[in-house]
>>> print(open('model-v4.cif').read())   # mmCIF, C-alpha atoms (C1' of nucleotides)
data_input
loop_
_atom_site.label_atom_id
_atom_site.label_comp_id
_atom_site.auth_asym_id
_atom_site.auth_seq_id
_atom_site.Cartn_x
_atom_site.Cartn_y
_atom_site.Cartn_z
CA MET V 52 30.89 -26.18 34.32
CA SER V 53 27.79 -28.26 34.24
CA ILE V 54 25.64 -25.24 33.56
CA GLN V 55 27.76 -24.36 30.57
CA ALA V 56 27.46 -27.92 29.38
CA ARG V 57 23.68 -27.77 29.61
CA ARG V 58 23.72 -24.50 27.68
CA GLU V 59 25.78 -25.99 24.93
CA ARG V 60 23.57 -29.03 24.80
CA GLU V 61 20.47 -26.89 24.50
CA ARG V 62 22.13 -24.81 21.87
CA ALA V 63 23.08 -27.86 19.82
CA GLU V 64 19.56 -29.17 20.23
CA ARG V 65 18.15 -25.93 18.93
CA GLU V 66 20.47 -26.02 15.96
CA ARG V 67 19.21 -29.48 15.10
CA ALA V 68 15.67 -28.19 15.45
CA ILE V 69 16.36 -25.43 12.94
CA VAL V 70 17.70 -27.82 10.34
CA ALA V 71 14.89 -30.28 10.95
CA ALA V 72 12.28 -27.55 10.63
CA ALA V 73 13.82 -26.32 7.40
CA ARG V 74 13.85 -29.81 6.00
CA ASP V 75 10.32 -30.67 7.04
CA LEU V 76 8.97 -27.42 5.69
CA ALA V 77 10.81 -27.84 2.41
CA GLU V 78 9.64 -31.41 1.99
CA SER V 79 6.03 -30.66 2.78
CA GLU V 80 5.56 -27.26 1.15
CA GLY V 81 8.61 -26.70 -1.04
CA TRP V 82 11.59 -24.43 -0.55
CA ASP V 83 9.56 -21.34 -1.38
CA ALA V 84 7.71 -21.82 1.88
CA VAL V 85 10.95 -21.92 3.84
CA THR V 86 11.43 -18.34 5.02
CA THR V 87 13.39 -17.16 8.00
CA ARG V 88 10.21 -15.90 9.67
CA ARG V 89 8.44 -19.19 9.16
CA LEU V 90 11.45 -21.08 10.43
CA ALA V 91 11.67 -18.89 13.51
CA ALA V 92 7.99 -19.45 14.26
CA GLU V 93 8.47 -23.18 13.84
CA ILE V 94 11.21 -23.42 16.44
CA GLU V 95 9.41 -20.91 18.64
CA TYR V 96 12.23 -18.40 18.75
CA SER V 97 12.65 -15.04 17.12
CA GLN V 98 14.23 -14.56 13.72
CA PRO V 99 17.66 -13.26 14.82
CA VAL V 100 18.30 -16.47 16.72
CA LEU V 101 18.74 -18.22 13.39
CA TYR V 102 21.65 -15.94 12.62
CA SER V 103 23.43 -16.82 15.84
CA HIS V 104 23.56 -20.39 14.57
CA PHE V 105 24.00 -19.93 10.82
CA LYS V 106 25.51 -17.25 8.67
CA GLY V 107 22.30 -16.96 6.68
CA LYS V 108 19.52 -18.84 5.02
CA GLY V 109 21.95 -20.39 2.55
CA ALA V 110 23.91 -21.96 5.36
CA ILE V 111 20.75 -23.51 6.80
CA MET V 112 19.92 -24.95 3.41
CA ALA V 113 23.46 -26.24 3.13
CA ALA V 114 23.03 -28.08 6.43
CA VAL V 115 19.88 -29.71 5.06
CA ALA V 116 21.77 -30.60 1.90
CA VAL V 117 24.53 -32.32 3.86
CA GLU V 118 21.94 -34.30 5.79
CA GLY V 119 20.38 -35.30 2.49
CA CYS V 120 23.74 -36.32 1.11
CA GLY V 121 24.11 -38.75 3.95
CA GLU V 122 20.80 -40.40 3.19
CA LEU V 123 21.53 -40.53 -0.50
CA ALA V 124 24.84 -42.21 0.24
CA ALA V 125 23.12 -44.74 2.48
CA GLU V 126 20.53 -45.62 -0.14
CA LEU V 127 23.15 -45.98 -2.85
CA ALA V 128 25.17 -48.22 -0.56
CA ALA V 129 22.16 -50.39 0.10
CA ALA V 130 21.44 -50.69 -3.60
CA ARG V 131 25.03 -51.67 -4.31
CA ALA V 132 25.07 -54.23 -1.53
CA ALA V 133 21.88 -55.83 -2.79
CA ALA V 134 23.27 -56.48 -6.26
CA THR V 135 25.17 -59.54 -7.41
CA ASP V 136 26.05 -59.14 -11.05
CA PRO V 137 28.07 -55.97 -11.93
CA ARG V 138 25.67 -54.93 -14.69
CA GLN V 139 22.72 -55.43 -12.37
CA ALA V 140 24.52 -53.37 -9.78
CA VAL V 141 24.76 -50.38 -12.11
CA ALA V 142 21.10 -50.64 -13.02
CA GLY V 143 20.19 -50.98 -9.38
CA ILE V 144 22.18 -48.02 -8.15
CA ALA V 145 20.85 -45.89 -10.99
CA ARG V 146 17.31 -46.80 -10.02
CA ALA V 147 18.08 -46.03 -6.39
CA TYR V 148 19.48 -42.63 -7.35
CA VAL V 149 16.46 -41.69 -9.39
CA ALA V 150 14.10 -43.02 -6.75
CA PHE V 151 15.77 -40.84 -4.13
CA ALA V 152 15.37 -37.76 -6.28
CA GLU V 153 11.70 -38.53 -6.83
CA ARG V 154 10.89 -39.40 -3.27
CA ARG V 155 12.76 -36.46 -1.73
CA PRO V 156 12.65 -33.71 -4.34
CA ALA V 157 13.25 -30.93 -1.85
CA LEU V 158 16.29 -32.67 -0.46
CA TYR V 159 17.60 -33.34 -3.93
CA ASP V 160 17.15 -29.71 -4.88
CA ALA V 161 19.04 -28.55 -1.83
CA ILE V 162 21.94 -30.81 -2.73
CA PHE V 163 22.16 -30.09 -6.45
CA ASN V 164 19.91 -27.39 -7.78
CA LEU V 165 19.63 -24.54 -5.34
CA PRO V 166 22.14 -21.79 -4.70
CA VAL V 167 23.52 -22.97 -1.43
CA ASP V 168 26.57 -22.11 0.65
CA LEU V 169 28.45 -25.24 -0.28
CA SER V 170 31.57 -25.59 -2.34
CA PHE V 171 31.38 -29.13 -3.61
CA ALA V 172 34.43 -29.50 -5.72
CA SER V 173 36.77 -28.02 -3.14
CA LYS V 174 38.27 -29.66 -0.10
CA ASP V 175 35.54 -28.66 2.34
CA ALA V 176 32.93 -30.63 0.49
CA PRO V 177 30.87 -32.74 2.85
CA VAL V 178 32.17 -36.23 3.43
CA GLU V 179 28.63 -37.46 2.86
CA LEU V 180 28.85 -36.45 -0.77
CA ALA V 181 32.19 -38.15 -1.14
CA ARG V 182 30.62 -41.31 0.26
CA ALA V 183 27.78 -41.18 -2.24
CA PHE V 184 30.26 -40.58 -5.03
CA ALA V 185 32.41 -43.48 -3.85
CA GLU V 186 29.45 -45.84 -3.88
CA LEU V 187 28.75 -44.91 -7.46
CA ALA V 188 32.42 -45.20 -8.42
CA GLU V 189 32.81 -48.67 -6.89
CA THR V 190 29.71 -49.85 -8.68
CA LEU V 191 30.99 -48.53 -11.98
CA ARG V 192 34.53 -49.83 -11.63
CA PRO V 193 33.90 -53.10 -13.48
CA VAL V 194 32.41 -51.31 -16.47
CA ALA V 195 34.66 -48.25 -16.69
CA GLY V 196 36.92 -49.93 -19.20
CA GLY V 197 39.96 -47.87 -20.03
CA ASP V 198 38.46 -44.62 -18.79
CA ASP V 199 39.64 -42.91 -15.63
CA LEU V 200 37.23 -44.12 -12.94
CA GLU V 201 36.62 -40.75 -11.34
CA THR V 202 35.94 -38.98 -14.60
CA PHE V 203 33.82 -41.85 -15.80
CA THR V 204 31.77 -41.74 -12.61
CA GLU V 205 31.26 -38.01 -12.91
CA THR V 206 29.96 -38.49 -16.42
CA PHE V 207 27.50 -41.19 -15.45
CA TRP V 208 26.42 -39.10 -12.46
CA SER V 209 25.76 -36.22 -14.83
CA GLY V 210 23.58 -38.44 -16.95
CA LEU V 211 21.48 -39.40 -13.95
CA HIS V 212 21.30 -35.82 -12.76
CA GLY V 213 20.23 -34.60 -16.18
CA LEU V 214 17.46 -37.18 -16.41
CA VAL V 215 16.19 -36.31 -12.96
CA THR V 216 16.23 -32.55 -13.29
CA LEU V 217 14.89 -32.32 -16.82
CA MET V 218 12.04 -34.63 -16.00
CA ARG V 219 11.11 -33.07 -12.72
CA ASN V 220 10.65 -29.56 -14.02
CA GLY V 221 8.64 -30.67 -16.98
CA ARG V 222 11.28 -30.59 -19.68
CA LEU V 223 10.85 -34.28 -20.46
CA ARG V 224 7.79 -36.40 -20.91
CA HIS V 225 7.11 -38.32 -17.75
CA THR V 226 6.37 -41.46 -19.63
CA ASP V 227 9.40 -43.24 -21.08
CA HIS V 228 11.30 -42.40 -17.93
CA GLU V 229 12.13 -46.04 -17.36
CA ARG V 230 13.24 -46.47 -20.94
CA ARG V 231 15.55 -43.47 -20.79
CA LEU V 232 17.10 -44.82 -17.64
CA ALA V 233 17.56 -48.19 -19.32
CA ILE V 234 19.27 -46.59 -22.29
CA LEU V 235 21.66 -44.68 -20.08
CA VAL V 236 22.57 -47.76 -18.08
CA ASP V 237 22.90 -49.84 -21.20
CA ARG V 238 25.23 -47.40 -22.92
CA PHE V 239 27.46 -47.17 -19.87
CA THR V 240 27.70 -50.89 -19.22
CA ARG V 241 28.45 -52.35 -22.59
CA MET F 298 -7.34 3.35 -38.28
CA SER F 299 -3.80 4.46 -38.86
CA ILE F 300 -3.53 5.83 -35.37
CA GLN F 301 -4.51 2.51 -33.94
CA ALA F 302 -1.94 0.87 -36.16
CA ARG F 303 0.77 3.15 -34.86
CA ARG F 304 -0.30 2.41 -31.30
CA GLU F 305 -0.04 -1.29 -31.85
CA ARG F 306 3.32 -0.89 -33.49
CA GLU F 307 4.63 1.12 -30.57
CA ARG F 308 3.21 -1.40 -28.19
CA ALA F 309 4.90 -4.30 -29.97
CA GLU F 310 8.13 -2.34 -30.02
CA ARG F 311 7.91 -1.76 -26.30
CA GLU F 312 7.28 -5.44 -25.70
CA ARG F 313 10.43 -6.28 -27.62
CA ALA F 314 12.29 -3.68 -25.55
CA ILE F 315 11.18 -5.37 -22.33
CA VAL F 316 12.42 -8.78 -23.40
CA ALA F 317 15.66 -7.34 -24.72
CA ALA F 318 16.25 -5.42 -21.50
CA ALA F 319 15.60 -8.54 -19.43
CA ARG F 320 18.00 -10.55 -21.52
CA ASP F 321 20.75 -7.94 -21.53
CA LEU F 322 20.48 -7.42 -17.82
CA ALA F 323 20.51 -11.15 -17.14
CA GLU F 324 23.51 -11.74 -19.37
CA SER F 325 25.54 -8.88 -17.96
CA GLU F 326 24.64 -9.06 -14.27
CA GLY F 327 22.81 -12.34 -13.76
CA TRP F 328 19.14 -13.06 -13.20
CA ASP F 329 19.28 -11.80 -9.63
CA ALA F 330 19.75 -8.31 -11.03
CA VAL F 331 16.64 -8.61 -13.15
CA THR F 332 13.93 -7.04 -11.03
CA THR F 333 10.72 -5.50 -12.24
CA ARG F 334 11.81 -2.07 -11.01
CA ARG F 335 15.12 -2.31 -12.78
CA LEU F 336 13.42 -3.49 -15.93
CA ALA F 337 10.94 -0.64 -15.78
CA ALA F 338 13.74 1.88 -15.38
CA GLU F 339 15.57 0.34 -18.31
CA ILE F 340 12.67 0.78 -20.72
CA GLU F 341 11.85 4.18 -19.19
CA TYR F 342 8.32 3.28 -18.20
CA SER F 343 6.76 2.62 -14.85
CA GLN F 344 6.52 -0.83 -13.32
CA PRO F 345 2.83 -1.57 -13.99
CA VAL F 346 3.43 -1.23 -17.72
CA LEU F 347 5.28 -4.54 -17.59
CA TYR F 348 2.12 -6.20 -16.38
CA SER F 349 0.09 -4.87 -19.29
CA HIS F 350 2.41 -6.88 -21.55
CA PHE F 351 3.19 -9.96 -19.48
CA LYS F 352 1.38 -11.83 -16.77
CA GLY F 353 4.34 -11.51 -14.47
CA LYS F 354 8.08 -11.73 -14.20
CA GLY F 355 8.00 -15.42 -15.03
CA ALA F 356 6.35 -14.71 -18.37
CA ILE F 357 9.06 -12.20 -19.24
CA MET F 358 11.71 -14.76 -18.41
CA ALA F 359 9.84 -17.30 -20.52
CA ALA F 360 9.99 -14.93 -23.48
CA VAL F 361 13.75 -14.64 -23.03
CA ALA F 362 13.96 -18.42 -22.80
CA VAL F 363 12.13 -18.86 -26.09
CA GLU F 364 14.49 -16.40 -27.75
CA GLY F 365 17.41 -18.35 -26.35
CA CYS F 366 15.94 -21.60 -27.64
CA GLY F 367 16.01 -20.18 -31.13
CA GLU F 368 19.68 -19.35 -30.89
CA LEU F 369 20.53 -22.71 -29.39
CA ALA F 370 18.72 -24.41 -32.25
CA ALA F 371 20.62 -22.31 -34.77
CA GLU F 372 23.99 -23.13 -33.26
CA LEU F 373 23.19 -26.82 -33.11
CA ALA F 374 22.11 -26.73 -36.73
CA ALA F 375 25.36 -25.06 -37.72
CA ALA F 376 27.38 -27.67 -35.86
CA ARG F 377 25.49 -30.47 -37.52
CA ALA F 378 25.90 -28.95 -40.97
CA ALA F 379 29.65 -28.57 -40.47
CA ALA F 380 30.20 -32.23 -39.75
CA THR F 381 30.89 -34.97 -42.24
CA ASP F 382 31.30 -38.24 -40.42
CA PRO F 383 28.32 -39.30 -38.18
CA ARG F 384 30.52 -39.85 -35.14
CA GLN F 385 32.20 -36.50 -35.66
CA ALA F 386 28.76 -34.94 -35.94
CA VAL F 387 27.74 -36.17 -32.51
CA ALA F 388 30.96 -34.90 -30.97
CA GLY F 389 30.54 -31.60 -32.74
CA ILE F 390 26.97 -31.00 -31.72
CA ALA F 391 27.77 -31.96 -28.14
CA ARG F 392 30.60 -29.44 -28.11
CA ALA F 393 28.30 -26.81 -29.59
CA TYR F 394 25.69 -27.50 -26.92
CA VAL F 395 28.15 -27.17 -24.08
CA ALA F 396 29.71 -24.10 -25.65
CA PHE F 397 26.33 -22.42 -25.83
CA ALA F 398 25.67 -23.12 -22.17
CA GLU F 399 29.06 -21.69 -21.22
CA ARG F 400 28.88 -18.64 -23.43
CA ARG F 401 25.30 -17.73 -22.53
CA PRO F 402 24.79 -19.03 -19.00
CA ALA F 403 21.90 -16.68 -18.26
CA LEU F 404 20.09 -17.74 -21.39
CA TYR F 405 20.70 -21.39 -20.63
CA ASP F 406 19.39 -20.97 -17.10
CA ALA F 407 16.24 -19.32 -18.39
CA ILE F 408 15.62 -22.23 -20.70
CA PHE F 409 16.40 -25.10 -18.38
CA ASN F 410 17.07 -24.23 -14.79
CA LEU F 411 14.85 -21.41 -13.65
CA PRO F 412 11.23 -21.63 -12.63
CA VAL F 413 9.65 -20.10 -15.67
CA ASP F 414 6.13 -19.95 -17.08
CA LEU F 415 6.77 -22.54 -19.75
CA SER F 416 5.38 -26.02 -20.11
CA PHE F 417 7.90 -27.79 -22.26
CA ALA F 418 6.58 -31.25 -22.57
CA SER F 419 3.07 -30.12 -23.45
CA LYS F 420 1.77 -28.98 -26.80
CA ASP F 421 2.39 -25.28 -26.27
CA ALA F 422 6.09 -25.79 -26.01
CA PRO F 423 8.00 -23.33 -28.16
CA VAL F 424 8.76 -24.50 -31.68
CA GLU F 425 12.30 -23.27 -31.14
CA LEU F 426 12.88 -25.99 -28.58
CA ALA F 427 11.44 -28.58 -30.93
CA ARG F 428 13.88 -27.40 -33.58
CA ALA F 429 16.83 -27.74 -31.24
CA PHE F 430 15.63 -31.19 -30.25
CA ALA F 431 15.22 -32.19 -33.88
CA GLU F 432 18.79 -31.15 -34.69
CA LEU F 433 20.05 -33.34 -31.92
CA ALA F 434 17.82 -36.22 -32.96
CA GLU F 435 18.90 -36.13 -36.60
CA THR F 436 22.52 -36.09 -35.54
CA LEU F 437 21.99 -39.07 -33.30
CA ARG F 438 19.95 -41.12 -35.76
CA PRO F 439 22.91 -43.04 -37.17
CA VAL F 440 24.09 -44.12 -33.73
CA ALA F 441 20.76 -44.79 -32.02
CA GLY F 442 20.88 -48.45 -32.89
CA GLY F 443 17.75 -50.31 -31.90
CA ASP F 444 16.62 -47.67 -29.43
CA ASP F 445 13.66 -45.40 -30.08
CA LEU F 446 15.20 -42.24 -31.54
CA GLU F 447 13.21 -39.77 -29.47
CA THR F 448 13.87 -41.53 -26.20
CA PHE F 449 17.49 -42.01 -27.10
CA THR F 450 17.84 -38.31 -27.90
CA GLU F 451 16.24 -37.31 -24.61
CA THR F 452 18.73 -39.48 -22.79
CA PHE F 453 21.73 -38.02 -24.55
CA TRP F 454 20.32 -34.54 -24.01
CA SER F 455 20.04 -35.31 -20.32
CA GLY F 456 23.67 -36.30 -20.24
CA LEU F 457 24.73 -33.02 -21.77
CA HIS F 458 22.45 -31.08 -19.48
CA GLY F 459 23.77 -32.87 -16.42
CA LEU F 460 27.36 -32.15 -17.36
CA VAL F 461 26.62 -28.50 -17.96
CA THR F 462 24.61 -27.82 -14.83
CA LEU F 463 26.72 -29.82 -12.41
CA MET F 464 29.87 -28.16 -13.64
CA ARG F 465 28.53 -24.65 -13.72
CA ASN F 466 27.37 -24.56 -10.13
CA GLY F 467 30.55 -26.05 -8.82
CA ARG F 468 29.47 -29.64 -8.33
CA LEU F 469 32.13 -30.94 -10.72
CA ARG F 470 35.77 -30.10 -11.08
CA HIS F 471 36.23 -27.70 -13.94
CA THR F 472 39.21 -29.60 -15.21
CA ASP F 473 38.44 -32.85 -16.95
CA HIS F 474 35.44 -31.24 -18.54
CA GLU F 475 36.65 -32.17 -22.01
CA ARG F 476 37.33 -35.71 -20.91
CA ARG F 477 33.86 -36.13 -19.44
CA LEU F 478 32.34 -34.87 -22.64
CA ALA F 479 34.48 -37.28 -24.62
CA ILE F 480 33.36 -40.19 -22.47
CA LEU F 481 29.70 -39.29 -22.92
CA VAL F 482 30.04 -39.00 -26.67
CA ASP F 483 32.05 -42.18 -26.88
CA ARG F 484 29.55 -44.21 -24.90
CA PHE F 485 26.68 -43.00 -27.02
CA THR F 486 28.35 -43.56 -30.38
CA ARG F 487 29.79 -47.00 -30.11
"C1'" DC T 80 -16.83 23.20 -30.72
"C1'" DT T 81 -17.59 21.26 -26.47
"C1'" DC T 82 -18.29 17.64 -23.30
"C1'" DG T 83 -18.11 13.07 -21.31
"C1'" DC T 84 -15.82 8.81 -21.76
"C1'" DC T 85 -12.15 5.62 -21.86
"C1'" DA T 86 -7.65 3.66 -22.67
"C1'" DG T 87 -3.31 4.00 -20.89
"C1'" DT T 88 0.04 5.46 -17.58
"C1'" DC T 89 1.56 6.73 -13.11
"C1'" DT T 90 1.99 7.18 -7.99
"C1'" DA T 91 1.60 4.98 -3.95
"C1'" DG T 92 1.27 1.15 -1.36
"C1'" DC T 93 0.52 -3.95 0.03
"C1'" DA T 94 2.51 -8.06 1.93
"C1'" DC T 95 6.36 -10.28 1.97
"C1'" DC T 96 11.57 -11.24 1.82
"C1'" DG T 97 16.66 -11.73 4.13
"C1'" DC T 98 19.02 -9.57 7.48
"C1'" DT T 99 20.60 -6.45 11.56
"C1'" DA T 100 21.00 -2.55 15.05
"C1'" DG T 101 20.12 -1.69 19.50
"C1'" DC T 102 17.53 -2.47 23.75
"C1'" DC T 103 16.64 -5.18 27.89
"C1'" DA T 104 16.50 -8.83 31.14
"C1'" DA T 105 18.72 -12.68 33.07
"C1'" DT T 106 22.94 -14.56 34.41
"C1'" DC T 107 27.80 -14.77 35.84
"C1'" DT T 108 31.89 -12.40 38.11
"C1'" DG T 109 34.54 -9.73 41.38
"C1'" DC Z 26 25.61 -6.76 46.26
"C1'" DA Z 27 27.25 -3.93 42.08
"C1'" DG Z 28 28.83 -4.29 37.58
"C1'" DA Z 29 29.88 -6.72 33.31
"C1'" DT Z 30 28.41 -10.00 29.92
"C1'" DT Z 31 25.62 -12.94 27.52
"C1'" DG Z 32 21.61 -13.93 24.74
"C1'" DG Z 33 17.20 -13.18 23.18
"C1'" DC Z 34 13.89 -9.79 21.74
"C1'" DT Z 35 11.43 -5.83 19.20
"C1'" DA Z 36 11.58 -2.96 15.58
"C1'" DG Z 37 13.11 -1.61 11.35
"C1'" DC Z 38 16.02 -1.25 6.85
"C1'" DG Z 39 16.15 -1.81 2.06
"C1'" DG Z 40 14.63 -4.75 -1.08
"C1'" DT Z 41 11.11 -8.02 -3.80
"C1'" DG Z 42 6.77 -9.05 -7.09
"C1'" DC Z 43 2.57 -7.22 -7.84
"C1'" DT Z 44 -1.82 -4.08 -7.81
"C1'" DA Z 45 -5.52 -0.58 -6.57
"C1'" DG Z 46 -6.90 3.68 -7.64
"C1'" DA Z 47 -6.00 8.41 -9.25
"C1'" DC Z 48 -5.01 11.09 -13.20
"C1'" DT Z 49 -4.54 12.68 -18.01
"C1'" DG Z 50 -4.75 13.16 -22.87
"C1'" DG Z 51 -7.07 11.98 -27.04
"C1'" DC Z 52 -11.39 10.05 -28.87
"C1'" DG Z 53 -16.51 9.99 -30.47
"C1'" DA Z 54 -21.14 11.97 -29.75
"C1'" DG Z 55 -24.25 15.80 -29.46
#
>>> encode(input="model-v4.cif", output="structure tokens")
Amino acid sequence: MSIQARRERERAERERAIVAAARDLAESEGWDAVTTRRLAAEIEYSQPVLYSHFKGKGAIMAAVAVEGCGELAAELAAARAAATDPRQAVAGIARAYVAFAERRPALYDAIFNLPVDLSFASKDAPVELARAFAELAETLRPVAGGDDLETFTETFWSGLHGLVTLMRNGRLRHTDHERRLAILVDRFTR
Amino acid sequence: MSIQARRERERAERERAIVAAARDLAESEGWDAVTTRRLAAEIEYSQPVLYSHFKGKGAIMAAVAVEGCGELAAELAAARAAATDPRQAVAGIARAYVAFAERRPALYDAIFNLPVDLSFASKDAPVELARAFAELAETLRPVAGGDDLETFTETFWSGLHGLVTLMRNGRLRHTDHERRLAILVDRFTR
DNA sequence: CTCGCCAGTCTAGCACCGCTAGCCAATCTG
DNA sequence: CAGATTGGCTAGCGGTGCTAGACTGGCGAG
């Protein structure tokens, strides 16, 4: 019994190592550098071992994405907690969101931009994402007006996501970023 | 002299064929199906011929993206021309934008989502994109208020882009799409 | 008219990708 | 202790973007 327990522990540990390696590699060299061979070398096992833990590369990326979701949720929560005035809270959480995307671009890509084995809108979406969404929704509640809170939150979220993605891949001038963010917040809080 | 002229004509024709093949393939089977081998087979030449026209696959995709920009600009212009009331114009152009992204997802991806050899924010950005941007800007002018028009337009554009991308890769529920769009337009026109 | 050159195209192949079949050793079971 | 099972490995499949080097057909020079 105890041997089996040790085995399972080691196995879980190795699974964590895979996800951590994928994340570290992605954050330091970008997702292009994350290949199954490279990952296998990193954890000092052979390639097929990866497939005994995950269905494929997409599933590994999905695991990283879920981890990232958790951190995003935590940072949004912190931003919300730090605010006093409702309007300030919206501005603060928006800044926190954008800051996360800029500080952890690889993580952000895994969550939102890359083709990953995750169905977000369905029931098996990660609870971490729901938490992040809830933080945003609670912050927006005072300014939603007559609009349905969930739909309103999705729309604001889209605005943030659009700003982040368009700017990061060079579709928007990097200057004026702050002003764009201010406009978005302003239009959604008045 | 005339022989050379014919050669150049044939060469230009073949270049057009490459871009058209890439676009058709992408629109009918998705960008994953667009490989250099497949493309070569489609134009009935060997693979290396592609590289005598374009620096690489990314450059071919960029050419498709520029073509798509032109069509997007045209559709936005049509939407703007059809409107009477300023508020209606914003709603109309927003609907046209989203409709374009839904009807031509491959084209939209080439323009905005895929890693492509195009620097948008710099001076060698395609004029087609500038045209599309200008249509949006002119439509928004009456509702920009005190905000800088260009920055304001970028922000609204980001909102549209966020809605489109998040919905298309399953990050938003497909229902309520109309309502989200309405909220965005409403918040930017009042 | 012939010969050498050169542009243009092709075949073949490089290094890499995600993924898997099948072998082999270590471990558990009767 | 013999046999079954588990779990990792090596090797390889079919694909990718891209390129070196061979070949060929039409050109200009002698």
>>> residues_around(input="model-v4.cif", residues="V:Glu186", least_positions_apart="2", cutoff="12 Å", atoms="only C-alpha atoms (C1' of nucleotides)", output="VMD selection string")
chain V and resid 121 123 to 132 140 to 141 143 to 145 147 to 148 179 to 184 188 to 192 201 204 208
>>> interface_residues(input="model-v4.cif", of="chain F", to="chain Z", cutoff="12 Å", atoms="all atoms listed in the file", output="PyMOL selection string")
chain F and resi 300-301+329-335+344-349+351-355
>>> interface_residues(input="model-v4.cif", of="chain T", to="chain V", cutoff="9 Å", atoms="only C-alpha atoms (C1' of nucleotides)", output="MDAnalysis selection string")
chainID T and resid 96:99
>>> write_last_selection(input="model-v4.cif", atoms="C-alpha atoms (C1' of nucleotides)", output="mmCIF file, in the coordinates of the input")
data_model
loop_
_atom_site.group_PDB
_atom_site.id
_atom_site.type_symbol
_atom_site.label_atom_id
_atom_site.label_comp_id
_atom_site.auth_asym_id
_atom_site.auth_seq_id
_atom_site.Cartn_x
_atom_site.Cartn_y
_atom_site.Cartn_z
ATOM 1 C "C1'" DC T 96 11.570 -11.240 1.820
ATOM 2 C "C1'" DG T 97 16.660 -11.730 4.130
ATOM 3 C "C1'" DC T 98 19.020 -9.570 7.480
ATOM 4 C "C1'" DT T 99 20.600 -6.450 11.560
#
>>> interface_residues(input="model-v4.cif", of="chain F", to="chain V", cutoff="7 Å", atoms="only C-alpha atoms", output="PyMOL selection string")
chain F and resi 416-418+448-449+452+455-456+458-460+463+467-470+477+480-481+484-485
>>> atom_distance(input="model-v4.cif", atom1="atom CA of F:Leu404", atom2="atom CA of F:Glu305")
28.0 Å
>>> resolve_selection(input="model-v4.cif", expression="the PyMOL selection byres ((chain V and resi 118) around 12)", output="PyMOL selection string")
chain V and resi 67+70-71+73-74+111-117+119-125+158-159+161-162+177-180
>>> atom_distance(input="model-v4.cif", atom1="atom CA of F:Pro439", atom2="atom CA of F:Asp382")
10.2 Å
>>> atom_distance(input="model-v4.cif", atom1="atom CA of F:Glu307", atom2="atom C1' of T:DC85")
19.4 Å
>>> decode(input="model-v4.cif", residues="stretch 27-55 of chain Z", atoms="C-alpha atoms (C1' of nucleotides)", output="tab-separated table (two decimals), in the first residue's frame")
chain	number	residue	atom	x	y	z
Z	27	DA	C1'	8.04	-18.57	-12.61
Z	28	DG	C1'	4.92	-15.76	-14.89
Z	29	DA	C1'	2.21	-11.58	-15.55
Z	30	DT	C1'	2.09	-6.64	-15.46
Z	31	DT	C1'	3.57	-2.17	-15.22
Z	32	DG	C1'	6.22	1.69	-16.92
Z	33	DG	C1'	9.83	3.71	-19.24
Z	34	DC	C1'	12.67	3.58	-23.29
Z	35	DT	C1'	14.37	3.56	-28.32
Z	36	DA	C1'	13.18	4.15	-32.75
Z	37	DG	C1'	10.36	5.70	-36.16
Z	38	DC	C1'	6.07	7.62	-38.76
Z	39	DG	C1'	4.18	11.24	-41.33
Z	40	DG	C1'	4.22	15.81	-41.34
Z	41	DT	C1'	6.24	20.94	-41.19
Z	42	DG	C1'	9.01	25.29	-43.24
Z	43	DC	C1'	12.81	25.98	-45.82
Z	44	DT	C1'	17.15	25.36	-48.95
Z	45	DA	C1'	21.34	23.43	-51.46
Z	46	DG	C1'	22.59	21.85	-55.61
Z	47	DA	C1'	21.57	19.61	-60.05
Z	48	DC	C1'	19.46	20.28	-64.39
Z	49	DT	C1'	17.43	22.42	-68.54
Z	50	DG	C1'	15.92	25.52	-71.99
Z	51	DG	C1'	16.49	29.92	-74.13
Z	52	DC	C1'	19.68	33.83	-74.57
Z	53	DG	C1'	23.86	36.63	-76.43
Z	54	DA	C1'	28.59	36.35	-78.28
Z	55	DG	C1'	31.91	34.69	-81.54
